[in-house]
$ cat target28.txt   # compact mmCIF, N, CA and C atoms
# COMPACT_ATOMS: atom_id res chain seq x y z
N MET A 1 9.26 -18.00 28.86
CA MET A 1 8.94 -19.40 28.73
C MET A 1 9.68 -19.96 27.53
N ASN A 2 10.34 -21.06 27.71
CA ASN A 2 11.06 -21.69 26.61
C ASN A 2 10.10 -22.37 25.67
N ARG A 3 10.44 -22.35 24.43
CA ARG A 3 9.64 -22.99 23.40
C ARG A 3 10.52 -23.94 22.62
N ARG A 4 9.98 -25.08 22.26
CA ARG A 4 10.71 -26.03 21.43
C ARG A 4 10.36 -25.76 19.98
N VAL A 5 11.33 -25.96 19.12
CA VAL A 5 11.11 -25.83 17.69
C VAL A 5 11.11 -27.24 17.12
N LEU A 6 10.04 -27.61 16.47
CA LEU A 6 9.90 -28.94 15.90
C LEU A 6 9.87 -28.81 14.39
N PHE A 7 10.68 -29.58 13.69
CA PHE A 7 10.71 -29.52 12.25
C PHE A 7 10.06 -30.76 11.66
N ALA A 8 9.15 -30.56 10.75
CA ALA A 8 8.54 -31.67 10.02
C ALA A 8 9.17 -31.63 8.63
N ALA A 9 10.29 -32.32 8.47
CA ALA A 9 11.11 -32.22 7.27
C ALA A 9 10.35 -32.55 6.00
N ALA A 10 9.48 -33.52 6.05
CA ALA A 10 8.78 -33.94 4.83
C ALA A 10 7.87 -32.85 4.30
N THR A 11 7.28 -32.05 5.17
CA THR A 11 6.33 -31.04 4.73
C THR A 11 6.92 -29.64 4.69
N GLY A 12 8.07 -29.45 5.32
CA GLY A 12 8.65 -28.12 5.40
C GLY A 12 7.95 -27.25 6.42
N LEU A 13 7.05 -27.83 7.21
CA LEU A 13 6.31 -27.08 8.21
C LEU A 13 7.12 -26.98 9.49
N THR A 14 7.15 -25.80 10.07
CA THR A 14 7.83 -25.61 11.34
C THR A 14 6.77 -25.24 12.36
N LEU A 15 6.77 -25.94 13.48
CA LEU A 15 5.85 -25.66 14.56
C LEU A 15 6.62 -25.03 15.71
N ILE A 16 6.08 -23.98 16.26
CA ILE A 16 6.72 -23.32 17.38
C ILE A 16 5.78 -23.45 18.56
N GLY A 17 6.32 -23.93 19.67
CA GLY A 17 5.51 -24.04 20.87
C GLY A 17 5.74 -25.37 21.54
N GLY A 18 5.42 -25.43 22.79
CA GLY A 18 5.54 -26.67 23.54
C GLY A 18 4.18 -27.32 23.67
N MET A 19 4.16 -28.54 24.16
CA MET A 19 2.90 -29.24 24.35
C MET A 19 2.24 -28.84 25.66
N GLY A 20 2.96 -28.19 26.54
CA GLY A 20 2.37 -27.77 27.80
C GLY A 20 2.93 -26.43 28.22
N LEU A 21 2.29 -25.82 29.17
CA LEU A 21 2.73 -24.53 29.67
C LEU A 21 3.44 -24.72 31.00
N ALA A 22 4.48 -23.95 31.21
CA ALA A 22 5.19 -24.00 32.48
C ALA A 22 4.31 -23.39 33.56
N ALA A 23 4.48 -23.85 34.77
CA ALA A 23 3.69 -23.34 35.88
C ALA A 23 3.88 -21.84 36.01
N GLY A 24 2.78 -21.13 36.17
CA GLY A 24 2.84 -19.69 36.37
C GLY A 24 2.97 -18.90 35.09
N SER A 25 3.01 -19.55 33.94
CA SER A 25 3.16 -18.83 32.68
C SER A 25 1.79 -18.53 32.09
N GLY A 26 1.78 -17.65 31.11
CA GLY A 26 0.55 -17.37 30.40
C GLY A 26 -0.41 -16.49 31.16
N SER A 27 0.05 -15.75 32.16
CA SER A 27 -0.85 -14.89 32.91
C SER A 27 -1.28 -13.72 32.04
N ALA A 28 -2.34 -13.04 32.46
CA ALA A 28 -2.83 -11.88 31.70
C ALA A 28 -1.73 -10.84 31.56
N ARG A 29 -0.91 -10.67 32.60
CA ARG A 29 0.18 -9.70 32.53
C ARG A 29 1.14 -10.07 31.41
N ASP A 30 1.46 -11.35 31.29
CA ASP A 30 2.39 -11.80 30.25
C ASP A 30 1.83 -11.54 28.85
N ARG A 31 0.52 -11.68 28.67
CA ARG A 31 -0.08 -11.53 27.36
C ARG A 31 -0.30 -10.08 26.97
N ASN A 32 -0.35 -9.17 27.93
CA ASN A 32 -0.68 -7.79 27.64
C ASN A 32 0.50 -6.92 27.27
N ALA A 33 1.66 -7.18 27.83
CA ALA A 33 2.79 -6.29 27.59
C ALA A 33 4.06 -7.08 27.34
N ALA A 34 4.77 -6.70 26.30
CA ALA A 34 6.07 -7.29 26.03
C ALA A 34 7.09 -6.58 26.91
N PRO A 35 8.11 -7.29 27.37
CA PRO A 35 9.13 -6.63 28.18
C PRO A 35 9.79 -5.49 27.40
N ALA A 36 10.13 -4.44 28.11
CA ALA A 36 10.80 -3.31 27.47
C ALA A 36 12.13 -3.77 26.88
N ALA A 37 12.47 -3.20 25.73
CA ALA A 37 13.69 -3.60 25.04
C ALA A 37 14.29 -2.41 24.30
N THR A 38 15.59 -2.51 24.06
CA THR A 38 16.32 -1.49 23.31
C THR A 38 16.72 -2.08 21.96
N PRO A 39 16.35 -1.42 20.85
CA PRO A 39 16.75 -1.93 19.53
C PRO A 39 18.26 -1.89 19.34
N VAL A 40 18.78 -2.87 18.59
CA VAL A 40 20.20 -2.94 18.27
C VAL A 40 20.31 -3.01 16.75
N GLY A 41 20.86 -1.99 16.14
CA GLY A 41 21.04 -2.00 14.70
C GLY A 41 19.74 -1.85 13.94
N LYS A 42 19.81 -2.20 12.64
CA LYS A 42 18.66 -2.09 11.75
C LYS A 42 17.89 -3.40 11.74
N PRO A 43 16.56 -3.33 11.46
CA PRO A 43 15.77 -4.56 11.37
C PRO A 43 16.27 -5.47 10.25
N GLU A 44 16.10 -6.77 10.45
CA GLU A 44 16.46 -7.78 9.46
C GLU A 44 15.19 -8.27 8.78
N THR A 45 15.31 -8.63 7.52
CA THR A 45 14.17 -9.16 6.78
C THR A 45 13.92 -10.62 7.14
N CYS A 46 14.98 -11.38 7.38
CA CYS A 46 14.86 -12.83 7.65
C CYS A 46 15.80 -13.25 8.77
N ILE A 47 15.44 -14.37 9.41
CA ILE A 47 16.35 -15.04 10.35
C ILE A 47 16.39 -16.52 9.96
N PRO A 48 17.56 -17.17 10.07
CA PRO A 48 17.69 -18.58 9.69
C PRO A 48 16.94 -19.51 10.66
N ASN A 49 16.15 -20.43 10.12
CA ASN A 49 15.42 -21.40 10.95
C ASN A 49 16.36 -22.17 11.87
N ARG A 50 17.50 -22.59 11.35
CA ARG A 50 18.40 -23.45 12.11
C ARG A 50 19.00 -22.75 13.33
N LEU A 51 18.93 -21.43 13.38
CA LEU A 51 19.48 -20.69 14.51
C LEU A 51 18.45 -20.35 15.58
N ILE A 52 17.16 -20.61 15.32
CA ILE A 52 16.13 -20.29 16.30
C ILE A 52 16.19 -21.33 17.42
N ARG A 53 16.49 -20.84 18.61
CA ARG A 53 16.62 -21.74 19.77
C ARG A 53 15.34 -21.76 20.60
N ASP A 54 14.76 -20.59 20.87
CA ASP A 54 13.54 -20.46 21.66
C ASP A 54 12.69 -19.34 21.08
N THR A 55 11.40 -19.41 21.34
CA THR A 55 10.51 -18.30 21.01
C THR A 55 9.72 -17.94 22.25
N TYR A 56 9.37 -16.68 22.34
CA TYR A 56 8.60 -16.17 23.46
C TYR A 56 7.46 -15.35 22.88
N VAL A 57 6.25 -15.92 22.90
CA VAL A 57 5.08 -15.18 22.44
C VAL A 57 4.70 -14.26 23.58
N ARG A 58 4.83 -12.96 23.34
CA ARG A 58 4.59 -11.97 24.41
C ARG A 58 3.12 -11.57 24.48
N ASN A 59 2.45 -11.51 23.35
CA ASN A 59 1.04 -11.16 23.27
C ASN A 59 0.59 -11.41 21.83
N ASP A 60 -0.56 -10.90 21.45
CA ASP A 60 -1.06 -11.12 20.09
C ASP A 60 -0.23 -10.42 19.02
N SER A 61 0.64 -9.50 19.41
CA SER A 61 1.38 -8.70 18.44
C SER A 61 2.89 -8.88 18.46
N VAL A 62 3.44 -9.48 19.51
CA VAL A 62 4.90 -9.52 19.67
C VAL A 62 5.40 -10.94 19.93
N ILE A 63 6.43 -11.33 19.16
CA ILE A 63 7.13 -12.60 19.37
C ILE A 63 8.62 -12.29 19.44
N ASP A 64 9.28 -12.78 20.48
CA ASP A 64 10.73 -12.67 20.59
C ASP A 64 11.34 -14.01 20.20
N PHE A 65 12.36 -13.98 19.36
CA PHE A 65 13.07 -15.17 18.91
C PHE A 65 14.47 -15.13 19.49
N LYS A 66 14.82 -16.13 20.30
CA LYS A 66 16.18 -16.22 20.84
C LYS A 66 16.95 -17.16 19.94
N LEU A 67 18.08 -16.69 19.43
CA LEU A 67 18.88 -17.48 18.52
C LEU A 67 20.04 -18.14 19.24
N VAL A 68 20.60 -19.17 18.62
CA VAL A 68 21.81 -19.79 19.12
C VAL A 68 22.84 -18.67 19.25
N GLY A 69 23.55 -18.61 20.35
CA GLY A 69 24.51 -17.55 20.59
C GLY A 69 23.94 -16.43 21.46
N GLY A 70 22.61 -16.45 21.70
CA GLY A 70 22.02 -15.51 22.63
C GLY A 70 21.37 -14.26 22.07
N LYS A 71 21.54 -13.96 20.77
CA LYS A 71 20.88 -12.78 20.21
C LYS A 71 19.37 -12.97 20.25
N ILE A 72 18.66 -11.87 20.51
CA ILE A 72 17.20 -11.90 20.53
C ILE A 72 16.68 -10.95 19.45
N TYR A 73 15.74 -11.47 18.66
CA TYR A 73 15.09 -10.66 17.62
C TYR A 73 13.61 -10.59 17.93
N ARG A 74 13.06 -9.39 17.84
CA ARG A 74 11.64 -9.18 18.09
C ARG A 74 10.92 -8.93 16.77
N ALA A 75 9.83 -9.68 16.57
CA ALA A 75 8.97 -9.47 15.41
C ALA A 75 7.64 -8.94 15.92
N THR A 76 7.13 -7.93 15.25
CA THR A 76 5.85 -7.33 15.62
C THR A 76 4.85 -7.58 14.50
N ILE A 77 3.68 -8.04 14.85
CA ILE A 77 2.62 -8.31 13.89
C ILE A 77 1.68 -7.11 13.91
N LYS A 78 1.66 -6.36 12.82
CA LYS A 78 0.80 -5.18 12.74
C LYS A 78 -0.66 -5.60 12.88
N GLY A 79 -1.36 -4.96 13.80
CA GLY A 79 -2.77 -5.26 14.02
C GLY A 79 -3.00 -6.49 14.88
N GLY A 80 -1.93 -7.19 15.25
CA GLY A 80 -2.04 -8.37 16.10
C GLY A 80 -2.52 -9.60 15.34
N CYS A 81 -2.46 -10.71 16.01
CA CYS A 81 -2.87 -12.00 15.45
C CYS A 81 -3.78 -12.66 16.50
N PRO A 82 -5.10 -12.66 16.26
CA PRO A 82 -6.05 -13.14 17.26
C PRO A 82 -5.72 -14.55 17.78
N GLY A 83 -5.67 -14.66 19.10
CA GLY A 83 -5.43 -15.94 19.76
C GLY A 83 -3.97 -16.28 20.00
N LEU A 84 -3.05 -15.55 19.38
CA LEU A 84 -1.63 -15.87 19.52
C LEU A 84 -1.15 -15.74 20.97
N GLY A 85 -1.49 -14.65 21.62
CA GLY A 85 -1.05 -14.43 23.00
C GLY A 85 -1.62 -15.45 23.97
N PHE A 86 -2.83 -15.93 23.70
CA PHE A 86 -3.45 -16.92 24.58
C PHE A 86 -2.89 -18.32 24.32
N GLN A 87 -2.80 -18.72 23.07
CA GLN A 87 -2.34 -20.06 22.71
C GLN A 87 -0.83 -20.22 22.88
N GLU A 88 -0.08 -19.14 22.64
CA GLU A 88 1.38 -19.14 22.76
C GLU A 88 2.07 -20.19 21.90
N ARG A 89 1.50 -20.50 20.75
CA ARG A 89 2.13 -21.44 19.81
C ARG A 89 1.68 -21.08 18.41
N PHE A 90 2.59 -21.29 17.48
CA PHE A 90 2.29 -20.98 16.09
C PHE A 90 3.13 -21.87 15.18
N GLY A 91 2.75 -21.91 13.93
CA GLY A 91 3.49 -22.67 12.94
C GLY A 91 3.69 -21.84 11.70
N TYR A 92 4.61 -22.25 10.87
CA TYR A 92 4.81 -21.58 9.59
C TYR A 92 5.45 -22.55 8.62
N SER A 93 5.32 -22.25 7.37
CA SER A 93 5.92 -23.07 6.32
C SER A 93 6.70 -22.15 5.40
N THR A 94 7.93 -22.51 5.12
CA THR A 94 8.76 -21.69 4.24
C THR A 94 9.38 -22.56 3.15
N ALA A 95 9.63 -21.93 2.02
CA ALA A 95 10.28 -22.64 0.92
C ALA A 95 11.79 -22.66 1.13
N LEU A 96 12.29 -21.73 1.90
CA LEU A 96 13.72 -21.62 2.16
C LEU A 96 13.99 -21.99 3.61
N ASP A 97 15.26 -21.93 4.02
CA ASP A 97 15.63 -22.30 5.39
C ASP A 97 15.63 -21.12 6.34
N ARG A 98 14.76 -20.16 6.09
CA ARG A 98 14.70 -18.98 6.96
C ARG A 98 13.26 -18.48 7.06
N LEU A 99 12.99 -17.79 8.15
CA LEU A 99 11.70 -17.16 8.38
C LEU A 99 11.86 -15.69 8.01
N CYS A 100 10.98 -15.21 7.16
CA CYS A 100 11.11 -13.84 6.65
C CYS A 100 9.86 -13.01 6.94
N ALA A 101 10.03 -11.70 6.87
CA ALA A 101 8.95 -10.77 7.14
C ALA A 101 7.80 -10.92 6.15
N THR A 102 8.00 -11.60 5.07
CA THR A 102 6.93 -11.83 4.10
C THR A 102 6.16 -13.11 4.38
N ASP A 103 6.58 -13.89 5.39
CA ASP A 103 5.94 -15.17 5.69
C ASP A 103 4.72 -14.99 6.58
N ILE A 104 3.86 -16.01 6.54
CA ILE A 104 2.62 -16.03 7.31
C ILE A 104 2.77 -17.06 8.42
N ILE A 105 2.36 -16.67 9.64
CA ILE A 105 2.33 -17.64 10.74
C ILE A 105 0.87 -18.04 10.96
N THR A 106 0.67 -19.21 11.52
CA THR A 106 -0.67 -19.71 11.83
C THR A 106 -0.73 -20.05 13.32
N VAL A 107 -1.70 -19.48 14.02
CA VAL A 107 -1.88 -19.79 15.44
C VAL A 107 -2.34 -21.24 15.54
N LEU A 108 -1.70 -22.00 16.43
CA LEU A 108 -2.04 -23.40 16.63
C LEU A 108 -2.77 -23.56 17.96
N TYR A 109 -3.86 -24.30 17.93
CA TYR A 109 -4.66 -24.54 19.12
C TYR A 109 -4.42 -25.94 19.63
N LEU A 110 -4.30 -26.08 20.93
CA LEU A 110 -4.13 -27.39 21.55
C LEU A 110 -5.50 -28.05 21.73
N ASN A 111 -6.48 -27.29 22.20
CA ASN A 111 -7.83 -27.80 22.41
C ASN A 111 -8.85 -26.83 21.87
N PRO A 112 -9.68 -27.05 20.95
CA PRO A 112 -9.65 -28.26 20.14
C PRO A 112 -8.44 -28.23 19.21
N ILE A 113 -7.96 -29.40 18.86
CA ILE A 113 -6.79 -29.47 17.98
C ILE A 113 -7.15 -28.83 16.65
N GLY A 114 -6.32 -27.96 16.19
CA GLY A 114 -6.56 -27.28 14.93
C GLY A 114 -5.71 -26.04 14.81
N SER A 115 -6.07 -25.21 13.87
CA SER A 115 -5.31 -23.98 13.67
C SER A 115 -6.26 -22.80 13.64
N GLY A 116 -5.70 -21.65 13.90
CA GLY A 116 -6.50 -20.45 13.98
C GLY A 116 -6.07 -19.41 12.97
N ALA A 117 -5.96 -18.18 13.44
CA ALA A 117 -5.67 -17.05 12.58
C ALA A 117 -4.35 -17.22 11.83
N ARG A 118 -4.32 -16.69 10.63
CA ARG A 118 -3.10 -16.66 9.82
C ARG A 118 -2.72 -15.18 9.68
N CYS A 119 -1.47 -14.86 10.03
CA CYS A 119 -1.06 -13.47 10.11
C CYS A 119 0.34 -13.28 9.53
N PRO A 120 0.56 -12.16 8.85
CA PRO A 120 1.91 -11.87 8.35
C PRO A 120 2.81 -11.39 9.47
N ILE A 121 4.01 -11.95 9.52
CA ILE A 121 4.97 -11.56 10.55
C ILE A 121 5.74 -10.34 10.04
N GLY A 122 6.16 -9.48 10.95
CA GLY A 122 6.88 -8.29 10.56
C GLY A 122 8.39 -8.50 10.54
N PRO A 123 9.15 -7.46 10.22
CA PRO A 123 10.62 -7.55 10.23
C PRO A 123 11.13 -7.92 11.62
N PHE A 124 12.36 -8.40 11.65
CA PHE A 124 12.99 -8.87 12.89
C PHE A 124 13.99 -7.83 13.38
N GLN A 125 13.70 -7.24 14.53
CA GLN A 125 14.56 -6.23 15.11
C GLN A 125 15.38 -6.86 16.23
N GLN A 126 16.71 -6.85 16.10
CA GLN A 126 17.52 -7.33 17.20
C GLN A 126 17.30 -6.40 18.38
N ILE A 127 17.18 -6.99 19.57
CA ILE A 127 16.93 -6.20 20.78
C ILE A 127 17.82 -6.66 21.93
N THR A 128 17.92 -5.79 22.91
CA THR A 128 18.45 -6.13 24.22
C THR A 128 17.32 -5.89 25.19
N LEU A 129 16.95 -6.90 25.96
CA LEU A 129 15.88 -6.72 26.93
C LEU A 129 16.35 -5.83 28.06
N ASN A 130 15.52 -4.88 28.44
CA ASN A 130 15.83 -3.97 29.56
C ASN A 130 15.46 -4.68 30.84
N THR A 131 16.40 -4.86 31.73
CA THR A 131 16.13 -5.50 33.01
C THR A 131 15.89 -4.44 34.06
N PRO A 132 14.90 -4.66 34.94
CA PRO A 132 14.59 -3.65 35.97
C PRO A 132 15.67 -3.51 37.01
$ encode --input "target28.txt" --output "structure tokens"
Amino acid sequence: MNRRVLFAAATGLTLIGGMGLAAGSGSARDRNAAPAATPVGKPETCIPNRLIRDTYVRNDSVIDFKLVGGKIYRATIKGGCPGLGFQERFGYSTALDRLCATDIITVLYLNPIGSGARCPIGPFQQITLNTP
């Protein structure tokens, strides 16, 4: 599922997620298992905000970030982030122009409007998705 990245320049807050879900998305299968992937190289500590094209919340523990140019980086949240897989949207605020493994994401709720769990994101591992 494609995700839009919205920047609130005045606050430095970045919101990840769309206002609606695509038809057929968000099924229990989608939330329970991330697609199989093969790691490429060593994990990165940070990825530049300006290069994030799409995000794919796979479940409470896994987010895939598709960058401009097609590279995909997978971040794993140790212990999971309650509500992330169901809501499929999150926000974060950074002092720099990149998202790093030391940053905290916040699950965003559409109904009721508000925010949920705050969780530390893990390192970013470049991956190649395994296609069946």
$ select_by_dssp --input "target28.txt" --residues "region 35-117 of chain A" --states "strand (DSSP E or B)" --output "VMD selection string"
chain A and resid 37 to 39 44 46 to 48 52 to 57 62 to 67 72 to 76 90 to 93 98 to 100 104 to 109 114 to 117
$ atom_distance --input "target28.txt" --atom1 "atom N of Thr131 (chain A)" --atom2 "atom N of Tyr73 (chain A)"
14.7 Å
$ closest_residue --input "target28.txt" --among "A:Ile127, A:Asp103, A:Gly122, A:Arg98" --to "Ile47 (chain A)" --atoms "only N, CA and C atoms"
A:Arg98
$ closest_residue --input "target28.txt" --among "A:Lys78, A:Lys71, A:Arg89, A:Lys42" --to "Val57 (chain A)" --atoms "only C-alpha atoms"
A:Arg89
$ closest_residue --input "target28.txt" --among "A:Ile77, A:Ala117, A:Gly83, A:Asp97" --to "Leu51 (chain A)" --atoms "all atoms listed in the file"
A:Asp97
